[in-house]
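S.K.: My structure is stored as my_file35.txt, with compact mmCIF, C-alpha atoms.
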```txt
# COMPACT_ATOMS: atom_id res chain seq x y z
CA MET A 1081 16.53 -26.19 -18.47
CA LYS A 1082 15.70 -23.39 -20.92
CA LYS A 1083 16.95 -19.95 -19.91
CA VAL A 1084 14.25 -17.29 -19.66
CA ARG A 1085 15.01 -14.42 -22.02
CA ILE A 1086 13.47 -11.00 -22.44
CA HIS A 1087 11.38 -11.96 -25.50
CA HIS A 1088 9.70 -14.74 -23.55
CA PHE A 1089 7.75 -12.23 -21.46
CA ALA A 1090 6.04 -10.71 -24.50
CA GLU A 1091 5.26 -14.23 -25.71
CA MET A 1092 3.78 -15.15 -22.33
CA LYS A 1093 1.53 -12.08 -22.37
CA ALA A 1094 0.38 -12.89 -25.90
CA ARG A 1095 -0.68 -16.41 -24.98
CA GLY A 1096 -2.14 -15.47 -21.60
CA GLU A 1097 0.45 -17.28 -19.48
CA LYS A 1098 1.02 -15.60 -16.13
CA ILE A 1099 4.56 -14.39 -15.37
CA THR A 1100 5.99 -15.20 -11.94
CA MET A 1101 8.46 -13.02 -10.06
CA LEU A 1102 9.85 -13.13 -6.53
CA THR A 1103 12.49 -11.02 -4.85
CA ALA A 1104 15.79 -12.67 -3.98
CA TYR A 1105 18.82 -11.23 -2.22
CA ASP A 1106 21.34 -14.07 -2.00
CA TYR A 1107 22.68 -17.18 -3.72
CA PRO A 1108 20.82 -19.97 -1.85
CA THR A 1109 17.47 -18.18 -2.15
CA ALA A 1110 18.06 -17.60 -5.86
CA ARG A 1111 18.92 -21.29 -6.29
CA ALA A 1112 15.76 -22.39 -4.51
CA PHE A 1113 13.42 -20.12 -6.45
CA ASP A 1114 15.17 -20.87 -9.74
CA ALA A 1115 14.68 -24.60 -9.15
CA ALA A 1116 11.00 -23.94 -8.38
CA GLY A 1117 10.48 -22.44 -11.84
CA VAL A 1118 10.11 -18.75 -10.96
CA ASP A 1119 10.41 -16.76 -14.21
CA MET A 1120 12.01 -13.57 -12.85
CA LEU A 1121 14.07 -12.85 -9.75
CA LEU A 1122 14.06 -9.25 -8.56
CA VAL A 1123 17.00 -7.99 -6.54
CA GLY A 1124 14.87 -5.25 -5.07
CA ASP A 1125 15.90 -2.27 -3.03
CA SER A 1126 13.38 -3.81 -0.65
CA MET A 1127 16.46 -5.52 0.78
CA GLY A 1128 17.02 -2.27 2.68
CA ASP A 1129 14.02 -2.59 4.98
CA ASN A 1130 13.53 -6.36 4.67
CA MET A 1131 17.09 -7.66 5.02
CA LEU A 1132 19.31 -4.87 6.34
CA GLY A 1133 17.08 -3.41 9.04
CA MET A 1134 16.67 0.02 7.46
CA ASP A 1135 13.55 2.10 8.09
CA SER A 1136 12.83 2.32 4.36
CA THR A 1137 14.42 1.69 0.98
CA VAL A 1138 15.75 5.25 0.74
CA PRO A 1139 19.11 4.91 2.57
CA LEU A 1140 20.29 1.95 0.47
CA GLU A 1141 23.34 2.65 -1.72
CA LEU A 1142 24.13 1.21 -5.16
CA ASP A 1143 27.42 -0.28 -3.96
CA GLU A 1144 25.56 -2.02 -1.13
CA MET A 1145 23.22 -3.68 -3.62
CA ILE A 1146 25.78 -4.91 -6.13
CA PRO A 1147 27.17 -7.85 -4.09
CA PHE A 1148 23.64 -9.12 -3.42
CA ALA A 1149 22.70 -8.83 -7.10
CA ARG A 1150 25.90 -10.66 -8.03
CA ALA A 1151 25.01 -13.52 -5.67
CA VAL A 1152 21.50 -13.81 -7.13
CA ALA A 1153 22.81 -13.77 -10.70
CA ARG A 1154 25.21 -16.59 -9.83
CA GLY A 1155 22.36 -18.65 -8.42
CA ALA A 1156 19.92 -18.19 -11.30
CA GLU A 1157 20.42 -20.70 -14.08
CA ARG A 1158 16.96 -20.36 -15.63
CA ALA A 1159 15.32 -17.26 -14.15
CA PHE A 1160 15.76 -13.76 -15.60
CA VAL A 1161 17.41 -11.45 -13.05
CA VAL A 1162 16.27 -7.84 -12.63
CA ALA A 1163 18.11 -5.44 -10.30
CA ASP A 1164 16.74 -2.22 -8.81
CA LEU A 1165 18.57 1.07 -8.87
CA PRO A 1166 18.22 2.63 -5.40
CA PHE A 1167 17.08 6.16 -4.65
CA GLY A 1168 19.51 8.85 -5.73
CA THR A 1169 21.20 6.90 -8.51
CA TYR A 1170 19.05 7.82 -11.54
CA GLU A 1171 16.90 10.89 -10.80
CA VAL A 1172 19.43 13.63 -11.60
CA SER A 1173 19.90 12.99 -15.31
CA ALA A 1174 19.86 10.47 -18.12
CA GLU A 1175 23.63 10.31 -17.88
CA GLN A 1176 23.45 9.39 -14.19
CA ALA A 1177 20.85 6.68 -14.89
CA VAL A 1178 22.96 5.14 -17.66
CA ALA A 1179 26.13 5.23 -15.57
CA SER A 1180 24.40 3.58 -12.60
CA SER A 1181 22.78 0.98 -14.85
CA ILE A 1182 26.08 0.12 -16.52
CA ARG A 1183 27.78 -0.21 -13.15
CA MET A 1184 25.08 -2.54 -11.86
CA MET A 1185 25.05 -4.67 -15.03
CA LYS A 1186 28.85 -4.96 -15.31
CA LEU A 1187 29.54 -5.76 -11.67
CA SER A 1188 26.53 -7.92 -10.82
CA GLY A 1189 25.63 -9.90 -13.92
CA ALA A 1190 21.96 -8.89 -13.68
CA GLU A 1191 20.07 -9.00 -16.97
CA ALA A 1192 17.85 -5.93 -16.59
CA ILE A 1193 17.43 -2.77 -14.53
CA LYS A 1194 14.35 -1.45 -12.73
CA PHE A 1195 13.67 1.94 -11.19
CA GLU A 1196 10.61 3.89 -10.16
CA GLY A 1197 8.56 6.53 -11.96
CA GLY A 1198 6.70 7.22 -15.18
CA ARG A 1199 6.74 10.34 -17.32
CA ARG A 1200 9.16 12.08 -14.97
CA VAL A 1201 11.88 9.50 -15.70
CA ALA A 1202 11.01 8.70 -19.32
CA ALA A 1203 14.17 10.41 -20.56
CA GLN A 1204 16.28 8.29 -18.24
CA VAL A 1205 14.49 5.11 -19.35
CA LYS A 1206 15.04 5.90 -23.03
CA ALA A 1207 18.72 6.60 -22.41
CA VAL A 1208 19.10 3.30 -20.56
CA THR A 1209 17.34 1.27 -23.23
CA ASP A 1210 19.21 3.13 -26.00
CA ALA A 1211 22.38 1.94 -24.25
CA GLY A 1212 21.22 -1.63 -24.83
CA ILE A 1213 20.12 -2.31 -21.25
CA PRO A 1214 16.74 -4.02 -20.72
CA PHE A 1215 14.48 -1.98 -18.45
CA CYS A 1216 11.48 -2.82 -16.25
CA GLY A 1217 9.32 0.01 -14.95
CA HIS A 1218 7.62 0.50 -11.58
CA LEU A 1219 4.39 2.49 -11.14
CA GLY A 1220 1.61 2.92 -8.61
CA PHE A 1221 2.89 2.98 -5.06
CA THR A 1222 6.59 3.63 -5.41
CA PRO A 1223 8.38 3.07 -2.07
CA GLN A 1224 11.22 5.50 -2.79
CA SER A 1225 8.58 8.25 -3.10
CA ALA A 1226 6.49 7.25 -0.09
CA ASN A 1227 6.94 10.66 1.53
CA ALA A 1228 5.70 12.47 -1.56
CA LEU A 1229 2.75 10.08 -1.89
CA GLY A 1230 1.68 10.65 1.70
CA GLY A 1231 2.62 7.19 2.94
CA HIS A 1232 1.63 3.69 1.86
CA ARG A 1233 -1.45 4.66 -0.14
CA VAL A 1234 -3.26 2.67 -2.81
CA GLN A 1235 -2.92 4.34 -6.21
CA GLY A 1236 -5.34 4.82 -9.11
CA ARG A 1237 -8.32 5.96 -7.08
CA GLY A 1238 -10.46 8.99 -7.86
CA ASP A 1239 -10.96 11.13 -10.93
CA GLY A 1240 -7.94 11.08 -13.17
CA GLY A 1241 -6.28 8.19 -11.36
CA TYR A 1242 -6.50 5.84 -14.31
CA ASP A 1243 -5.55 8.47 -16.87
CA ALA A 1244 -2.42 9.50 -14.96
CA LEU A 1245 -1.23 5.93 -14.46
CA LEU A 1246 -1.96 5.03 -18.07
CA ALA A 1247 0.00 8.06 -19.30
CA ASP A 1248 2.94 7.00 -17.13
CA ALA A 1249 2.75 3.40 -18.34
CA VAL A 1250 2.57 4.41 -22.00
CA ALA A 1251 5.54 6.74 -21.50
CA LEU A 1252 7.59 3.83 -20.13
CA GLN A 1253 6.51 1.56 -22.97
CA GLU A 1254 7.42 4.18 -25.58
CA ALA A 1255 10.80 4.70 -23.87
CA GLY A 1256 11.59 1.02 -24.37
CA ALA A 1257 10.55 -0.76 -21.17
CA PHE A 1258 9.91 -4.48 -21.64
CA ALA A 1259 7.56 -4.72 -18.62
CA VAL A 1260 6.16 -2.61 -15.79
CA VAL A 1261 5.42 -3.42 -12.15
CA LEU A 1262 2.11 -2.05 -10.84
CA GLU A 1263 2.19 -1.81 -7.05
CA MET A 1264 -0.87 -1.21 -4.85
CA VAL A 1265 -3.06 -0.11 -7.74
CA VAL A 1266 -6.83 -0.62 -7.54
CA ALA A 1267 -7.64 -3.81 -9.43
CA PRO A 1268 -9.97 -2.40 -12.13
CA VAL A 1269 -7.40 0.25 -13.06
CA ALA A 1270 -4.58 -2.29 -13.18
CA GLU A 1271 -6.71 -4.53 -15.39
CA LYS A 1272 -7.41 -1.69 -17.84
CA ILE A 1273 -3.77 -0.67 -17.98
CA SER A 1274 -2.72 -4.27 -18.59
CA ALA A 1275 -5.16 -4.50 -21.50
CA ALA A 1276 -4.01 -1.16 -22.96
CA LEU A 1277 -0.29 -1.95 -22.97
CA ASP A 1278 1.64 -4.11 -25.41
CA ILE A 1279 4.22 -4.93 -22.73
CA PRO A 1280 3.46 -7.15 -19.71
CA THR A 1281 2.38 -5.81 -16.33
CA ILE A 1282 3.56 -7.44 -13.11
CA GLY A 1283 1.21 -6.82 -10.22
CA ILE A 1284 1.82 -6.57 -6.48
CA GLY A 1285 -1.36 -5.66 -4.69
CA ALA A 1286 -2.92 -4.85 -8.06
CA GLY A 1287 -5.47 -7.65 -8.45
CA ALA A 1288 -5.59 -10.81 -10.51
CA HIS A 1289 -5.73 -9.37 -14.01
CA THR A 1290 -2.18 -8.17 -14.49
CA ASP A 1291 0.07 -10.27 -16.73
CA GLY A 1292 2.09 -11.55 -13.78
CA GLN A 1293 2.62 -11.31 -10.05
CA VAL A 1294 5.54 -10.41 -7.76
CA LEU A 1295 5.95 -10.62 -4.00
CA VAL A 1296 8.75 -9.92 -1.56
CA TRP A 1297 9.92 -13.43 -0.76
CA LEU A 1298 9.76 -12.98 3.01
CA ASP A 1299 6.06 -12.13 2.70
CA ALA A 1300 5.40 -15.06 0.37
CA MET A 1301 7.25 -17.55 2.57
CA GLY A 1302 5.99 -16.37 5.96
CA VAL A 1303 9.13 -14.76 7.39
CA GLY A 1304 8.51 -11.94 9.85
CA ASP A 1305 5.71 -10.82 12.14
CA TRP A 1306 3.79 -8.65 9.67
CA HIS A 1307 2.81 -9.05 6.03
CA PRO A 1308 0.91 -6.64 3.77
CA ARG A 1309 -2.74 -7.31 3.06
CA PHE A 1310 -2.07 -8.07 -0.59
CA SER A 1311 0.40 -10.87 0.16
CA ARG A 1312 -0.24 -14.53 0.86
CA GLN A 1313 1.97 -16.85 2.89
CA PHE A 1314 2.72 -19.97 0.84
CA ALA A 1315 4.98 -21.45 3.55
CA ALA A 1316 5.92 -20.92 7.20
CA VAL A 1317 9.66 -20.54 6.77
CA GLY A 1318 10.06 -18.08 9.62
CA GLN A 1319 8.45 -20.41 12.15
CA ALA A 1320 10.42 -23.37 10.78
CA MET A 1321 13.66 -21.44 11.32
CA THR A 1322 12.71 -20.52 14.87
CA ASP A 1323 11.70 -24.09 15.64
CA GLY A 1324 14.91 -25.45 14.13
CA ALA A 1325 17.07 -23.02 16.09
CA ALA A 1326 15.21 -23.89 19.30
CA SER A 1327 15.84 -27.59 18.67
CA TYR A 1328 19.53 -26.84 18.11
CA VAL A 1329 19.78 -24.88 21.34
CA ALA A 1330 18.08 -27.67 23.28
CA ALA A 1331 20.30 -30.36 21.75
CA VAL A 1332 23.53 -28.48 22.51
CA LYS A 1333 22.57 -27.51 26.04
CA GLY A 1334 21.29 -31.02 26.71
CA GLY A 1335 24.49 -32.65 25.52
CA GLU A 1336 22.74 -34.45 22.64
CA PHE A 1337 24.72 -32.66 19.94
CA PRO A 1338 27.28 -33.34 18.71
CA ALA A 1339 26.90 -37.11 19.03
CA ALA A 1340 29.50 -39.71 18.08
CA GLU A 1341 28.40 -39.69 14.45
CA HIS A 1342 29.11 -35.97 14.24
CA SER A 1343 32.65 -36.31 15.57
CA PHE A 1344 35.99 -37.40 14.09
CA ASP A 1345 38.19 -40.11 15.56
CA GLU A 1346 41.91 -40.21 14.90
```
Go through the file and emit its structure as structure tokens.
M.R.:
Amino acid sequence: MKKVRIHHFAEMKARGEKITMLTAYDYPTARAFDAAGVDMLLVGDSMGDNMLGMDSTVPLELDEMIPFARAVARGAERAFVVADLPFGTYEVSAEQAVASSIRMMKLSGAEAIKFEGGRRVAAQVKAVTDAGIPFCGHLGFTPQSANALGGHRVQGRGDGGYDALLADAVALQEAGAFAVVLEMVVAPVAEKISAALDIPTIGIGAGAHTDGQVLVWLDAMGVGDWHPRFSRQFAAVGQAMTDGAASYVAAVKGGEFPAAEHSFDE
């Protein structure tokens, strides 16, 4: 099993091979997705609202994320592991961004850092990459800035939408990013940005013409009662878990479990 390295993503873009990314937040999930051949695993701050019951990603702390990132890194033999920096851990200065990135890398074993923003965080990105830390950008709808964006709004629409996003993407590329996530960006704009950049784009709700795709794994695997329009459910894991638990309850209450084969004699 050949380990995915950072240079492989540029090679995949050059030959037109789509890059695959899913979020992962624990060891068994990382193991499963790694065995399936997923190229990148993202330990996203999406764990805040998807796994920890928070209202958004904003309250999540760096020290809360590190154990989850460590578990994913331990479970990924082939996949390249990217870890988010949560809100409040990189915005203040380049020094803060580097310190947070070093802490995440040292304590988790992740192989790259991701945080949100374009030109406004270009100095932080350059400082991180100058420190020898691989960096993945995140543009378009940026969940940590949902309040400033006016909610969950598709990006890239209207006059100047493309130009602003392109300027942000180029700024990240020039600062040393090896890839950039484009979230909820109108498809024609995402396609043009993907063609304009030398580095790969990873789309989520950004159409079919980015260089790769990412989804939150609970959306992709059908866990939960609601999934965004841009996602597709490739399995029904949530229903399978409910059905399995219901079968367990029935077997225990009915005296069918544990049976003799599940018990120890002397």
S.K.: What lies within 12 Å of A:Asp1305 using only C-alpha atoms, ignoring chain neighbours under 3 positions off, as a PyMOL selection string?
M.R.: chain A and resi 1130+1298-1299+1301-1302+1308+1313+1316-1319
S.K.: Which polymer residues have any atom within 8 Å of an atom of A:Ala1211, counting all atoms listed in the file, with same-chain residues fewer than 3 positions away left out, as a count of residues only?
M.R.: 3
S.K.: Using all atoms listed in the file, which of A:Gly1197, A:Pro1223, A:Gly1287, A:Gly1117 sits nearest A:Val1260?
M.R.: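 Using all atoms listed in the file, the shortest distance to A:Val1260 belongs to A:Gly1197.
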S.K.: Determine, for each residue of stretch 1198-1289 of chain A having at least one atom at most 12 Å from an atom of stretch 1123-1126 of chain A, the closest pair of atoms and their separation in Å to one decimal, counting only C-alpha atoms; order by chain and ascending number, as a tab-separated table.
M.R.:
```
residue	atom	partner	partner_atom	distance
A:Cys1216	CA	A:Gly1124	CA	11.9
A:His1218	CA	A:Gly1124	CA	11.3
A:Thr1222	CA	A:Ser1126	CA	11.1
A:Pro1223	CA	A:Ser1126	CA	8.6
A:Gln1224	CA	A:Asp1125	CA	9.1
A:Val1261	CA	A:Gly1124	CA	11.9
```
S.K.: Once you count only C-alpha atoms, which residues end up no further than 10 Å from (31.6, -5.9, -9.0) in the file's frame, shown as a PyMOL selection string?
M.R.: chain A and resi 1143+1146-1147+1149-1150+1183-1189
S.K.: Kindly add N, CA, C and O atoms to the incomplete stretch 1306-1323 of chain A and provide the output as a compact mmCIF listing (two decimals), in the coordinates of the input.
M.R.:
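part11.txt, written as the output of this step:
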```
# COMPACT_ATOMS: atom_id res chain seq x y z
N TRP A 1306 4.84 -9.41 10.36
CA TRP A 1306 3.79 -8.65 9.67
C TRP A 1306 3.94 -8.82 8.18
O TRP A 1306 5.07 -8.87 7.66
N HIS A 1307 2.81 -8.94 7.48
CA HIS A 1307 2.81 -9.05 6.03
C HIS A 1307 1.70 -8.17 5.47
O HIS A 1307 0.62 -8.06 6.06
N PRO A 1308 1.94 -7.52 4.33
CA PRO A 1308 0.91 -6.64 3.77
C PRO A 1308 -0.34 -7.41 3.38
O PRO A 1308 -0.31 -8.61 3.11
N ARG A 1309 -1.44 -6.70 3.36
CA ARG A 1309 -2.74 -7.31 3.06
C ARG A 1309 -2.74 -8.03 1.72
O ARG A 1309 -3.38 -9.06 1.56
N PHE A 1310 -2.01 -7.50 0.75
CA PHE A 1310 -2.07 -8.07 -0.59
C PHE A 1310 -1.23 -9.33 -0.74
O PHE A 1310 -1.26 -9.97 -1.79
N SER A 1311 -0.46 -9.69 0.28
CA SER A 1311 0.40 -10.87 0.16
C SER A 1311 -0.32 -12.11 0.69
O SER A 1311 -1.33 -12.02 1.39
N ARG A 1312 0.24 -13.25 0.34
CA ARG A 1312 -0.24 -14.53 0.86
C ARG A 1312 0.98 -15.35 1.27
O ARG A 1312 2.00 -15.33 0.58
N GLN A 1313 0.86 -16.05 2.40
CA GLN A 1313 1.97 -16.85 2.89
C GLN A 1313 1.83 -18.28 2.36
O GLN A 1313 0.91 -19.00 2.74
N PHE A 1314 2.75 -18.65 1.47
CA PHE A 1314 2.72 -19.97 0.84
C PHE A 1314 3.54 -20.99 1.62
O PHE A 1314 3.56 -22.17 1.27
N ALA A 1315 4.20 -20.57 2.68
CA ALA A 1315 4.98 -21.45 3.55
C ALA A 1315 5.14 -20.75 4.89
O ALA A 1315 4.74 -19.59 5.05
N ALA A 1316 5.68 -21.48 5.86
CA ALA A 1316 5.92 -20.92 7.20
C ALA A 1316 7.41 -21.03 7.51
O ALA A 1316 7.82 -21.62 8.50
N VAL A 1317 8.21 -20.43 6.65
CA VAL A 1317 9.66 -20.54 6.77
C VAL A 1317 10.17 -19.89 8.05
O VAL A 1317 11.06 -20.43 8.73
N GLY A 1318 9.61 -18.76 8.41
CA GLY A 1318 10.06 -18.08 9.62
C GLY A 1318 9.88 -18.94 10.86
O GLY A 1318 10.79 -19.06 11.69
N GLN A 1319 8.71 -19.55 11.00
CA GLN A 1319 8.45 -20.41 12.15
C GLN A 1319 9.33 -21.65 12.11
O GLN A 1319 9.82 -22.11 13.15
N ALA A 1320 9.55 -22.19 10.91
CA ALA A 1320 10.42 -23.37 10.78
C ALA A 1320 11.84 -23.04 11.22
O ALA A 1320 12.52 -23.85 11.88
N MET A 1321 12.32 -21.85 10.90
CA MET A 1321 13.66 -21.44 11.32
C MET A 1321 13.75 -21.30 12.83
O MET A 1321 14.71 -21.74 13.47
N THR A 1322 12.73 -20.67 13.42
CA THR A 1322 12.71 -20.52 14.87
C THR A 1322 12.66 -21.87 15.56
O THR A 1322 13.38 -22.13 16.54
N ASP A 1323 11.80 -22.76 15.05
CA ASP A 1323 11.70 -24.09 15.64
C ASP A 1323 13.01 -24.87 15.51
O ASP A 1323 13.44 -25.55 16.44
```
